[in-house]
Amino acid sequence: MTTNLAVASEELVHQFMKQLIKRNPGQTEFHQAVQEFAEVIIPFIQENPKYQGYKLMERLTEPDRAISFRVCWMDDKGEIQVNRGYRVQFNNAIGPYKGGLRFHPTVNISILKFLGFEQIFKNSLTTLPMGGGKGGSDFDPKGKSDREVMAFCQAFMTELYRHIGPDTDVPAGDIGVGGREVGYMFGMYKKLRNEHTGVLTGKGFPFGGSRLRPEATGYGNVYFMQNMLATKGDSINGKTCVVSGSGNVAQFTVEKLIELGGKVITMSDSSGMIIDKDGIDTEKLEWIMELKNVRRGRIKEYADKFGAEYIEKGEPWSIPCDLAFPSATQNEITEKEAKMLVNNGVIGVGEGANMPTDVDGVRVFLNARILYSPGKVSNAGGVATSGLEMSQNSLRISWDRAEVDSRLKEIMKDIHEQCVSYGKGSDGYVDYVKGANIGGFVRVADALIAQGIV
Ligand code: NDP
C-alpha cells in the first residue's frame, strides 16, 4: 500500500514538473527550487486528503504577478546606463509580500522566482504575518562610486514605489544590497510618497531600522546549528568551521561562531578563498568588515596582510571541517563538493545562502545522515528580524539589542521544533528538508483554502 502510494507520488511529481518546465522554459533555478519542494509536498498532499482538490501546487508555483521594468541612470562619465529591474510578488496569503532585493549581474527572472518561491515558506515558518516576494536588478554595484550607486537606487525606486507599501510589499536587502542601498532607496520612496513608513527593512537605526537586523541572518544560522547540535548533546565549542562568502551573512556567521568557541578557517569572495589555519579571530574579522564594507576590497588582501593561504577561485568544501556554512550564493555545492565534505567527516551543514546546495548535493547529505539545514530554515533569522522591524515601525517603538536577540533565538528554536515535528523519521533522524517544506506549506495552504478561489 505504502509502496503503491510512493510510486504514484513519484509519477505525480514527474508529471507536475513536466508541466511546470513547459510553462516556464529556461528557468532552471526556479525548476530546481520547485523540484525539491514538490518531492516532499506532493506525497504529503497524497497522504492528507484535506489538501486535495484545491490545485495547491499549481497555485503556489504561479506568482501573483512578476513586474519587470527599465531603469535608466547616468554614470560618472555622463553616460546613460540602462538596467532591468524586477519585483516578483509571489504569494500574499499570510501577509504582505516580503523578501529582499538583489543587485548582481546574474539577476534574471528565474533566479528571482526561485528566491520568491522559497521566501513564501521561509516566511511562513517564522510564524510572522509575511507573504513571499523577491526583486532586484542586473545592476552591479561592484566598482561603482557612491554617487553612481545612489543614482541607480533612486532611478530604481522611481518605478518600484508604485508597487510597494507597508501593507502591500516590503522589500529588504540581499546580495549587493546592504544598508547603503536601502538608505538611498528609502530616501527616494519617502520623497515620492511624502510618507515615512516601514516600507523597506534593513534601514539604518536612526530612521526606523531594527537593532540586530544586519547580524540577524548570520546569527540565526548559528543559532539554528546550535539547536541541531543540541539534539545530539553537542555544541559549537571547539568545532572547526568553514564559511564561504565574506558579505553580510558570512561576516555575522563568523562573528557568532567565534563568540561560541568555534574555529573558523576559511572565508571567500567571487575571486577566491583564504585559508587561515590559526583561525579568524575577532580582530581579523573586524579587519575583514572594514575591507568589505568600507573599502570594498577583495578577500585576497587578507592573505597578504595576515600571511594566510589564498586560492584563486577556490571554495572551502575540500577543506576538512566539522561544520560548514555556505553563505555566498546558489549552487555552490554540487554532488562532488557534498561528497568531499562528507568524506572529510563534516557533521553539520547550515545554509546561510539560499539554495547553495543543488538537488544531488542535498541527497548526499541526507543519505549520509548528517545534520543538514536548508537555507529556507537556517537563514530565516534575517527575514524574521525584518518582520520585527515591521512591527517596531507600525508600533512606532524600538526594541533594544537584547530584546531583538532573545526574540530571534526564540524564533529559530520554534522553526527548529516545527522541522523536528514534521521531519523526524521512525529511526529518529530529522530530515530538515522535509520538515521545512511541510512546516512552511501547511500554514500557507490553510490560508489559501480559507480565502477561496482568488
Ligand atoms: P553580500 O552581497 O553581502 O555578500 C555576498 C558574498 O557572496 C560576497 O562575498 C560575494 O563575493 C559572494 N558571492 C556573490 N555571488 C557570488 C558568486 N556568483 N560566486 C561566488 N561568490 C559570490 O550578500 P549577503 O551576504 O546578503 O547574501 C549571501 C547569501 O545569503 C545569498 O544567497 C542571499 O540570498 C542569502 N541571504 C541573505 C540574507 C540577508 O539578510 N542579507 C537573508 C537570507 C538569505 P563578491 O563580493 O566577490 O561578489
# chains A, B, ... in the order shown; residues from 1 in each chain; ligands from 1

call {"tool": "residues_around", "arguments": {"residues": "A:Gln392", "least_positions_apart": "6", "cutoff": "10 Å", "atoms": "only C-alpha atoms", "output": "list of chain:residue names"}}
result
A:Gly198, A:Gly208, A:Gly209, A:Ser210, A:Ser386, A:Ser398, A:Trp399

call {"tool": "residues_around", "arguments": {"residues": "A:Tyr223", "least_positions_apart": "6", "cutoff": "9 Å", "atoms": "only C-alpha atoms", "output": "NGL selection string"}}
result
:A and (256 or 378 or 408-409 or 412-413)

call {"tool": "residues_near_ligand", "arguments": {"ligand": "ligand 1", "cutoff": "7 Å", "atoms": "only C-alpha atoms and all ligand atoms", "output": "PyMOL selection string"}}
result
chain A and resi 173-178+214+216-217+245-250+268-271+298+327-330+352-354+379-380+382-383

call {"tool": "atom_distance", "arguments": {"atom1": "atom CA of A:Asp169", "atom2": "atom CA of A:Arg443"}}
result
19.3 Å

call {"tool": "closest_residue", "arguments": {"among": "A:Ser373, A:Thr158, A:Thr126, A:Gln89", "to": "A:Gly439", "atoms": "only C-alpha atoms"}}
result
A:Thr126

call {"tool": "residues_around", "arguments": {"residues": "A:Asp234", "least_positions_apart": "4", "cutoff": "12 Å", "atoms": "only C-alpha atoms", "output": "number ranges by chain"}}
result
A: 225-230, 238-239, 322, 347-348, 371

call {"tool": "closest_residue", "arguments": {"among": "A:Leu192, A:Pro326, A:Gly165, A:Gly204", "to": "A:Ser244", "atoms": "only C-alpha atoms"}}
result
A:Pro326

call {"tool": "closest_residue", "arguments": {"among": "A:Val107, A:Leu112, A:Leu200, A:Ile411", "to": "A:Val170", "atoms": "only C-alpha atoms"}}
result
A:Leu200

call {"tool": "select_by_dssp", "arguments": {"residues": "stretch 84-132 of chain A", "states": "strand (DSSP E or B)", "output": "PyMOL selection string"}}
result
chain A and resi 84-91+97-103+132

call {"tool": "atom_distance", "arguments": {"atom1": "atom CA of A:Glu47", "atom2": "atom CA of A:Val13"}}
result
14.1 Å
